[in-house]
file my_file27.tsv (TSV, C-alpha atoms)
chain	number	residue	atom	x	y	z
Q	1	MET	CA	39.36	100.27	64.45
Q	2	ILE	CA	42.70	99.39	62.80
Q	3	ASN	CA	43.85	103.01	62.98
Q	4	GLU	CA	42.89	103.18	66.66
Q	5	THR	CA	44.81	99.98	67.40
Q	6	LEU	CA	47.88	101.24	65.56
Q	7	LEU	CA	47.91	104.86	66.73
Q	8	MET	CA	46.49	104.39	70.25
Q	9	ASN	CA	45.74	108.10	70.83
Q	10	GLY	CA	49.32	109.00	69.98
Q	11	TYR	CA	50.88	106.37	72.26
Q	12	GLY	CA	51.18	103.76	69.49
Q	13	LEU	CA	54.87	104.38	68.87
Q	14	TYR	CA	55.72	103.78	72.54
Q	15	VAL	CA	53.47	100.74	72.97
Q	16	TRP	CA	54.44	99.02	69.70
Q	17	SER	CA	58.15	99.67	70.20
Q	18	ALA	CA	58.01	98.17	73.73
Q	19	PHE	CA	56.28	95.03	72.43
Q	20	ALA	CA	58.57	94.84	69.37
Q	21	PHE	CA	61.67	95.13	71.56
Q	22	THR	CA	60.38	92.32	73.81
Q	23	LEU	CA	59.58	89.99	70.92
Q	24	LEU	CA	62.88	90.77	69.19
Q	25	ASN	CA	64.72	89.78	72.37
Q	26	PHE	CA	62.72	86.55	72.58
Q	27	VAL	CA	63.51	85.58	68.99
Q	28	THR	CA	67.21	86.49	69.34
Q	29	LEU	CA	67.65	84.58	72.61
Q	30	TYR	CA	65.80	81.56	71.22
Q	31	PHE	CA	68.02	81.35	68.14
Q	32	VAL	CA	71.27	82.03	70.05
Q	33	ILE	CA	70.49	79.14	72.43
Q	34	LYS	CA	69.31	76.92	69.55
Q	35	ILE	CA	72.55	77.53	67.63
Q	36	GLN	CA	74.60	76.68	70.75
Q	37	TYR	CA	72.53	73.52	71.24
Q	38	ASN	CA	72.91	72.40	67.61
Q	39	ARG	CA	76.66	73.09	67.70
Q	40	GLU	CA	77.20	70.95	70.81
Q	41	ARG	CA	74.91	68.18	69.56
Q	42	ASN	CA	76.68	68.04	66.18
Q	43	LYS	CA	80.03	67.95	67.97
Q	44	PHE	CA	78.73	65.04	70.07
Q	45	ILE	CA	77.50	63.12	67.03
Q	46	ALA	CA	80.80	63.71	65.19
Q	47	LYS	CA	82.83	62.54	68.20
Q	48	PHE	CA	80.59	59.51	68.61
Q	49	GLY	CA	81.22	58.61	64.97
Q	50	THR	CA	84.98	58.55	65.52
Q	51	LEU	CA	84.78	56.04	68.42
Q	52	ASN	CA	85.75	52.45	67.68
Q	53	SER	CA	83.01	49.82	68.07
Q	54	GLU	CA	84.03	48.82	71.62
Q	55	ARG	CA	84.08	52.39	72.93
Q	56	ALA	CA	80.91	53.27	71.00
Q	57	ALA	CA	79.12	50.31	72.61
Q	58	PHE	CA	80.32	51.43	76.05
Q	59	ALA	CA	79.28	55.05	75.42
Q	60	LYS	CA	75.91	53.88	74.12
Q	61	SER	CA	75.33	51.88	77.29
Q	62	GLN	CA	74.99	55.19	79.16
Q	63	SER	CA	71.32	56.19	79.00
Q	64	ILE	CA	72.03	59.90	78.60
Q	65	ASN	CA	74.15	59.30	75.47
Q	66	LYS	CA	71.36	57.21	73.99
Q	67	GLU	CA	68.94	60.06	74.68
Q	68	ILE	CA	71.21	62.62	72.99
Q	69	LEU	CA	71.55	60.42	69.90
Q	70	SER	CA	67.83	59.69	69.73
Q	71	ASN	CA	66.80	63.35	70.09
Q	72	ILE	CA	68.51	64.65	66.97
Q	73	SER	CA	65.66	66.98	66.03
Q	74	SER	CA	63.96	67.48	69.38
Q	75	ILE	CA	63.72	71.30	69.24
I	1	MET	CA	66.11	62.55	97.44
I	2	PHE	CA	68.91	64.23	95.53
I	3	LYS	CA	69.25	61.22	93.18
I	4	TYR	CA	66.19	62.62	91.34
I	5	PHE	CA	68.31	65.65	90.44
I	6	GLU	CA	70.89	63.53	88.62
I	7	PRO	CA	71.47	64.75	85.03
I	8	ASN	CA	70.73	61.29	83.55
I	9	LYS	CA	67.25	61.25	85.04
I	10	ILE	CA	66.53	64.88	84.23
I	11	PHE	CA	67.78	64.69	80.64
I	12	SER	CA	65.23	62.03	79.69
I	13	VAL	CA	62.53	64.65	80.46
I	14	THR	CA	64.28	67.86	79.39
I	15	SER	CA	65.25	66.47	75.98
I	16	LYS	CA	61.62	65.84	75.02
I	17	ALA	CA	59.95	68.80	76.72
I	18	PRO	CA	61.09	71.87	74.65
I	19	LYS	CA	58.89	71.24	71.61
I	20	TYR	CA	55.75	70.99	73.77
I	21	VAL	CA	56.73	74.04	75.82
I	22	LEU	CA	57.35	76.00	72.60
I	23	ILE	CA	53.87	75.16	71.25
I	24	LEU	CA	52.23	76.06	74.57
I	25	PHE	CA	54.24	79.30	74.75
I	26	ILE	CA	53.11	80.37	71.25
I	27	VAL	CA	49.45	79.66	72.11
I	28	VAL	CA	49.54	81.50	75.47
I	29	LEU	CA	51.54	84.43	74.03
I	30	SER	CA	49.06	84.83	71.15
I	31	ILE	CA	46.14	85.00	73.59
I	32	GLY	CA	48.13	87.39	75.81
I	33	LEU	CA	48.98	89.72	72.91
I	34	VAL	CA	45.35	89.94	71.75
I	35	GLU	CA	44.25	90.65	75.33
I	36	ALA	CA	47.02	93.18	76.00
I	37	LEU	CA	46.95	95.09	72.72
I	38	ILE	CA	43.29	94.95	71.69
I	39	LEU	CA	40.81	93.71	74.31
I	40	SER	CA	42.07	95.29	77.53
I	41	PRO	CA	40.79	98.80	78.31
I	42	GLU	CA	42.88	101.95	78.28
I	43	ASP	CA	43.70	103.64	81.58
I	44	TYR	CA	41.74	106.78	82.56
I	45	LYS	CA	45.01	108.61	83.31
I	46	GLN	CA	47.70	106.96	81.19
I	47	SER	CA	45.46	106.12	78.22
I	48	HIS	CA	46.92	103.44	75.90
I	49	SER	CA	50.47	103.78	77.25
I	50	VAL	CA	49.34	101.53	80.14
I	51	ARG	CA	49.59	98.59	77.71
I	52	ILE	CA	53.38	98.68	78.13
I	53	MET	CA	52.68	97.30	81.62
I	54	TYR	CA	51.82	93.92	80.03
I	55	VAL	CA	55.45	93.39	78.97
I	56	HIS	CA	57.23	95.54	81.57
I	57	VAL	CA	55.76	94.06	84.77
I	58	PRO	CA	55.97	90.31	83.86
I	59	ALA	CA	59.57	90.82	82.67
I	60	ALA	CA	60.51	92.47	85.98
I	61	TRP	CA	58.73	89.80	88.06
I	62	ILE	CA	60.37	86.92	86.21
I	63	SER	CA	63.86	88.43	86.27
I	64	LEU	CA	63.53	88.85	90.07
I	65	GLY	CA	62.11	85.33	90.45
I	66	ILE	CA	64.91	83.79	88.40
I	67	PHE	CA	67.62	85.61	90.35
I	68	SER	CA	66.10	84.44	93.66
I	69	THR	CA	65.94	80.86	92.34
I	70	ILE	CA	69.55	81.02	91.13
I	71	THR	CA	70.66	82.24	94.56
I	72	PHE	CA	68.75	79.52	96.39
I	73	LEU	CA	70.10	76.77	94.11
I	74	SER	CA	73.67	78.12	94.30
I	75	ILE	CA	73.66	78.23	98.09
I	76	VAL	CA	72.07	74.77	98.49
I	77	GLY	CA	74.31	73.40	95.72
I	78	TYR	CA	77.39	74.82	97.38
I	79	ILE	CA	76.49	73.54	100.87
I	80	PHE	CA	75.47	70.03	99.77
I	81	LYS	CA	77.91	69.85	96.81
I	82	ILE	CA	75.16	69.23	94.25
I	83	ARG	CA	76.80	70.11	90.93
I	84	ASN	CA	73.55	69.77	89.04
I	85	PHE	CA	72.09	72.74	90.95
I	86	PHE	CA	74.87	74.88	89.47
I	87	LEU	CA	74.03	73.58	86.02
I	88	ILE	CA	70.37	74.49	86.56
I	89	SER	CA	71.36	77.96	87.86
I	90	LYS	CA	73.70	78.55	84.92
I	91	SER	CA	70.91	77.54	82.49
I	92	LEU	CA	68.39	79.89	84.13
I	93	ALA	CA	70.64	82.96	84.00
I	94	PRO	CA	70.41	83.92	80.27
I	95	SER	CA	66.62	84.28	80.30
I	96	GLY	CA	66.76	86.10	83.66
I	97	PHE	CA	69.24	88.60	82.24
I	98	VAL	CA	67.21	89.16	79.06
I	99	PHE	CA	64.03	89.71	81.11
I	100	ASN	CA	65.91	92.22	83.25
I	101	VAL	CA	67.01	94.14	80.13
I	102	ILE	CA	63.44	94.01	78.76
I	103	ALA	CA	62.12	95.43	82.07
I	104	LEU	CA	64.65	98.27	81.96
I	105	VAL	CA	64.12	99.18	78.29
I	106	THR	CA	60.32	98.90	78.29
I	107	GLY	CA	60.27	100.87	81.56
I	108	SER	CA	62.30	103.57	79.85
I	109	ILE	CA	59.89	103.60	76.88
I	110	TRP	CA	56.94	103.83	79.31
I	111	GLY	CA	58.66	106.60	81.27
I	112	LYS	CA	58.78	109.01	78.34
I	113	PRO	CA	54.99	109.50	77.87
I	114	THR	CA	54.23	109.06	81.60
I	115	TRP	CA	56.98	111.01	83.39
I	116	GLY	CA	58.35	112.98	80.44
I	117	THR	CA	61.79	111.37	80.63
I	118	TRP	CA	63.47	108.22	79.28
I	119	TRP	CA	65.55	107.71	82.41
I	120	ALA	CA	65.66	108.86	86.04
I	121	TRP	CA	67.97	107.76	88.85
I	122	ASP	CA	64.93	106.67	90.79
I	123	ALA	CA	65.37	103.97	93.51
I	124	ARG	CA	63.42	101.25	91.65
I	125	ILE	CA	65.11	101.86	88.27
I	126	THR	CA	68.59	102.13	89.78
I	127	SER	CA	68.18	98.93	91.83
I	128	MET	CA	66.93	97.09	88.70
I	129	LEU	CA	70.01	98.33	86.84
I	130	ILE	CA	72.19	96.99	89.68
I	131	LEU	CA	70.42	93.61	89.34
I	132	ALA	CA	71.30	93.60	85.61
I	133	LEU	CA	74.94	94.18	86.57
I	134	PHE	CA	74.83	91.21	88.97
I	135	TYR	CA	73.32	89.06	86.20
I	136	ALA	CA	76.09	90.19	83.83
I	137	LEU	CA	78.76	89.45	86.48
I	138	TYR	CA	77.26	86.00	87.06
I	139	LEU	CA	77.28	85.14	83.34
I	140	VAL	CA	80.81	86.53	82.85
I	141	ALA	CA	82.09	84.52	85.87
I	142	TRP	CA	80.98	81.25	84.20
I	143	ARG	CA	82.88	82.25	81.06
I	144	ILE	CA	86.05	83.39	82.85
I	145	TYR	CA	86.68	80.54	85.30
I	146	GLU	CA	87.77	77.26	83.71
I	147	ASP	CA	88.15	75.60	87.12
I	148	LYS	CA	84.61	74.45	87.96
I	149	ASP	CA	85.06	74.54	91.75
I	150	LYS	CA	86.28	78.12	91.55
I	151	ALA	CA	83.35	79.00	89.27
I	152	PHE	CA	80.88	77.45	91.76
I	153	LYS	CA	82.40	79.50	94.59
I	154	ILE	CA	82.56	82.82	92.71
I	155	THR	CA	79.06	82.53	91.23
I	156	THR	CA	77.62	81.67	94.68
I	157	ILE	CA	79.28	84.78	96.16
I	158	ILE	CA	77.89	86.91	93.31
I	159	THR	CA	74.35	85.61	93.90
I	160	ILE	CA	74.59	86.14	97.69
I	161	LEU	CA	75.70	89.74	97.15
I	162	GLY	CA	73.06	90.23	94.44
I	163	ILE	CA	70.17	88.86	96.49
I	164	ILE	CA	70.61	91.72	99.00
I	165	ASN	CA	69.38	93.95	96.18
I	166	VAL	CA	66.14	91.98	95.61
I	167	PRO	CA	64.21	93.21	98.71
I	168	ILE	CA	65.55	96.70	97.94
I	169	ILE	CA	63.91	96.49	94.49
I	170	LYS	CA	60.66	95.18	95.99
I	171	TYR	CA	60.36	97.76	98.80
I	172	SER	CA	62.10	100.72	97.13
I	173	VAL	CA	58.70	102.23	96.30
I	174	ASP	CA	57.71	102.12	99.98
I	175	TRP	CA	61.04	103.15	101.51
I	176	TRP	CA	61.79	106.14	99.27
I	177	ASN	CA	59.93	108.76	97.28
I	178	THR	CA	60.16	107.40	93.76
I	179	LEU	CA	58.52	108.03	90.42
I	180	HIS	CA	57.11	104.50	90.56
I	181	GLN	CA	53.70	103.96	92.11
I	182	PRO	CA	53.36	101.50	95.05
I	183	ALA	CA	52.53	97.88	94.19
I	184	SER	CA	49.05	97.44	92.65
I	185	ILE	CA	49.01	93.68	93.11
I	186	ASN	CA	49.25	92.16	96.58
I	187	ILE	CA	49.08	88.47	97.38
I	188	LEU	CA	48.00	88.98	100.99
I	189	SER	CA	45.61	91.91	100.56
I	190	LYS	CA	43.17	93.19	97.93
I	191	SER	CA	44.79	94.25	94.65
I	192	SER	CA	44.00	97.73	93.38
I	193	ILE	CA	44.17	96.71	89.71
I	194	HIS	CA	40.89	96.01	87.87
I	195	VAL	CA	40.25	92.45	86.73
I	196	SER	CA	40.05	93.59	83.07
I	197	MET	CA	43.73	94.55	83.35
I	198	LEU	CA	44.75	91.82	85.79
I	199	PHE	CA	43.66	89.05	83.42
I	200	PRO	CA	45.92	90.04	80.46
I	201	LEU	CA	48.73	90.72	82.93
I	202	MET	CA	48.46	87.17	84.28
I	203	ILE	CA	48.28	85.67	80.76
I	204	MET	CA	51.40	87.59	79.69
I	205	THR	CA	53.16	86.53	82.90
I	206	ALA	CA	52.32	82.90	82.11
I	207	ALA	CA	53.64	83.35	78.55
I	208	PHE	CA	56.89	84.88	79.83
I	209	ALA	CA	57.29	82.11	82.39
I	210	LEU	CA	56.85	79.53	79.63
I	211	PHE	CA	59.46	81.29	77.52
I	212	SER	CA	61.97	81.25	80.37
I	213	LEU	CA	61.19	77.54	80.90
I	214	LEU	CA	61.81	76.90	77.19
I	215	ILE	CA	65.15	78.73	77.22
I	216	PHE	CA	66.13	76.98	80.45
I	217	LEU	CA	65.41	73.53	78.98
I	218	MET	CA	67.34	74.25	75.78
I	219	LYS	CA	70.30	75.72	77.67
I	220	TYR	CA	70.30	72.89	80.21
I	221	ASN	CA	70.36	70.28	77.43
I	222	THR	CA	73.22	72.18	75.75
I	223	GLU	CA	75.23	72.18	78.99
I	224	LEU	CA	74.62	68.46	79.53
I	225	ILE	CA	75.75	67.61	75.99
I	226	LYS	CA	78.82	69.81	76.56
I	227	ILE	CA	79.68	67.68	79.62
I	228	LYS	CA	79.06	64.48	77.66
I	229	ASN	CA	81.35	65.76	74.88
I	230	LYS	CA	84.14	66.07	77.43
I	231	GLY	CA	83.26	62.55	78.65
I	232	LEU	CA	83.64	61.15	75.12
I	233	ASN	CA	87.09	62.77	74.91
I	234	ARG	CA	88.16	60.75	77.95
I	235	LEU	CA	86.92	57.37	76.62
call {"tool": "encode", "arguments": {"input": "my_file27.tsv", "output": "structure tokens"}}
result
Amino acid sequence: MINETLLMNGYGLYVWSAFAFTLLNFVTLYFVIKIQYNRERNKFIAKFGTLNSERAAFAKSQSINKEILSNISSI
Amino acid sequence: MFKYFEPNKIFSVTSKAPKYVLILFIVVLSIGLVEALILSPEDYKQSHSVRIMYVHVPAAWISLGIFSTITFLSIVGYIFKIRNFFLISKSLAPSGFVFNVIALVTGSIWGKPTWGTWWAWDARITSMLILALFYALYLVAWRIYEDKDKAFKITTIITILGIINVPIIKYSVDWWNTLHQPASINILSKSSIHVSMLFPLMIMTAAFALFSLLIFLMKYNTELIKIKNKGLNRL
């Protein structure tokens, strides 16, 4: 059963390599986008930290900024 | 109506959604892989090599679907000056491009045992390659043009030119003699594919669609935070 699933009448190499290529692309794309997301989010948090209290209060009044700050580990 | 497409409103949903989409994607993909690799039957002609269909066909469908969506959003966004539509289009493009590459490479892998060659300048394959070039042009245009208005214009032109290729891809198997077989699945008429193969194909398509949704949400959130970073600079 295991041998049949792996070898697939001699087509195993083609089938498994097609699926492996697909999954490898998924994992790579996921991590590339995740790294980009983390980089921008960290930049946002760092910039927010440098704002004085008046500007920080103004920035925080915008709902989208509040969302970004509250979703630190959303993904 | 367009106020519902404002980034502020959308972000409150898109920031929370990725983790749930990721879980759902893993569940659906696991079911799809078991169905595609173990439970589905082999083909009487192609034997087990037919299993490549379960990654090749959904990837091709979704890359075509994403390009059509990008074109629609770019045109509507350009006409009605809805910047958020460009942001959505830009966020959809990476997964569309990757699915296009997957369709080309898995098609090439499938071609070797089926046709005896890795590559042929067949109408369907060539038109899919042209679509990949349009995707690449679209992504490069966003990187090249700093001026947003210019980027909106150029990317809209690229999508309009690229969309001409989409019906060519779809009907290439009917219009020319190609190595590809005609479509086995028809929405309007009876499909020629057996349900035991159709079911895993649909599950894998759902999994791929969920993956493109996940990537879209993550990329869209990244783009919104990028805009907000620029906003903080101006405070």
call {"tool": "closest_atom_pairs", "arguments": {"input": "my_file27.tsv", "of": "chain I", "to": "chain Q", "cutoff": "6 Å", "atoms": "only C-alpha atoms", "output": "Markdown table"}}
result
| residue | atom | partner | partner_atom | distance |
| --- | --- | --- | --- | --- |
| I:Asn8 | CA | Q:Ile64 | CA | 5.3 |
| I:Lys19 | CA | Q:Ile75 | CA | 5.4 |
| I:His48 | CA | Q:Met8 | CA | 5.7 |
| I:Ser49 | CA | Q:Tyr11 | CA | 5.6 |
| I:Ile52 | CA | Q:Val15 | CA | 5.6 |
| I:Thr106 | CA | Q:Ala18 | CA | 5.2 |
| I:Thr222 | CA | Q:Tyr37 | CA | 4.8 |
| I:Asn229 | CA | Q:Phe44 | CA | 5.5 |
call {"tool": "atom_distance", "arguments": {"input": "my_file27.tsv", "atom1": "atom CA of Ile79 of chain I", "atom2": "atom CA of Phe11 of chain I"}}
result
23.7 Å
call {"tool": "atom_distance", "arguments": {"input": "my_file27.tsv", "atom1": "atom CA of Val98 of chain I", "atom2": "atom CA of Met128 of chain I"}}
result
12.5 Å
call {"tool": "residues_around", "arguments": {"input": "my_file27.tsv", "residues": "Arg143 of chain I", "least_positions_apart": "5", "cutoff": "12 Å", "atoms": "all atoms listed in the file", "output": "list of chain:residue names"}}
result
I:Lys90, I:Ala136, I:Leu137, I:Tyr138, I:Lys148, I:Lys150, I:Ala151, I:Phe152, I:Ile154, I:Thr155
call {"tool": "residues_around", "arguments": {"input": "my_file27.tsv", "residues": "Val27 of chain I", "least_positions_apart": "2", "cutoff": "12 Å", "atoms": "only C-alpha atoms", "output": "PyMOL selection string"}}
result
chain I and resi 20-25+29-34+203-204+206-208+210-211
call {"tool": "atom_distance", "arguments": {"input": "my_file27.tsv", "atom1": "atom CA of Leu201 of chain I", "atom2": "atom CA of Pro58 of chain I"}}
result
7.3 Å
call {"tool": "residues_around", "arguments": {"input": "my_file27.tsv", "residues": "Tyr220 of chain I", "least_positions_apart": "6", "cutoff": "7 Å", "atoms": "all atoms listed in the file", "output": "VMD selection string"}}
result
chain I and resid 87 to 88 91
call {"tool": "residues_around", "arguments": {"input": "my_file27.tsv", "residues": "segment 166-182 of chain I", "least_positions_apart": "2", "cutoff": "9 Å", "atoms": "all atoms listed in the file", "output": "list in words"}}
result
Leu64, Phe67, Ser68, Trp115, Ala120, Asp122, Ala123, Arg124, Ile125, Thr126, Ser127, Met128, Leu131, Gly162, Ile163, Ile164 and Ser184 of chain I
call {"tool": "residues_around", "arguments": {"input": "my_file27.tsv", "residues": "Ser196 of chain I", "least_positions_apart": "5", "cutoff": "12 Å", "atoms": "all atoms listed in the file", "output": "list in words"}}
result
Glu35, Ala36, Ile38, Leu39, Ser40, Pro41, Glu42, Asp43, Leu201, Met202 and Ile203 of chain I
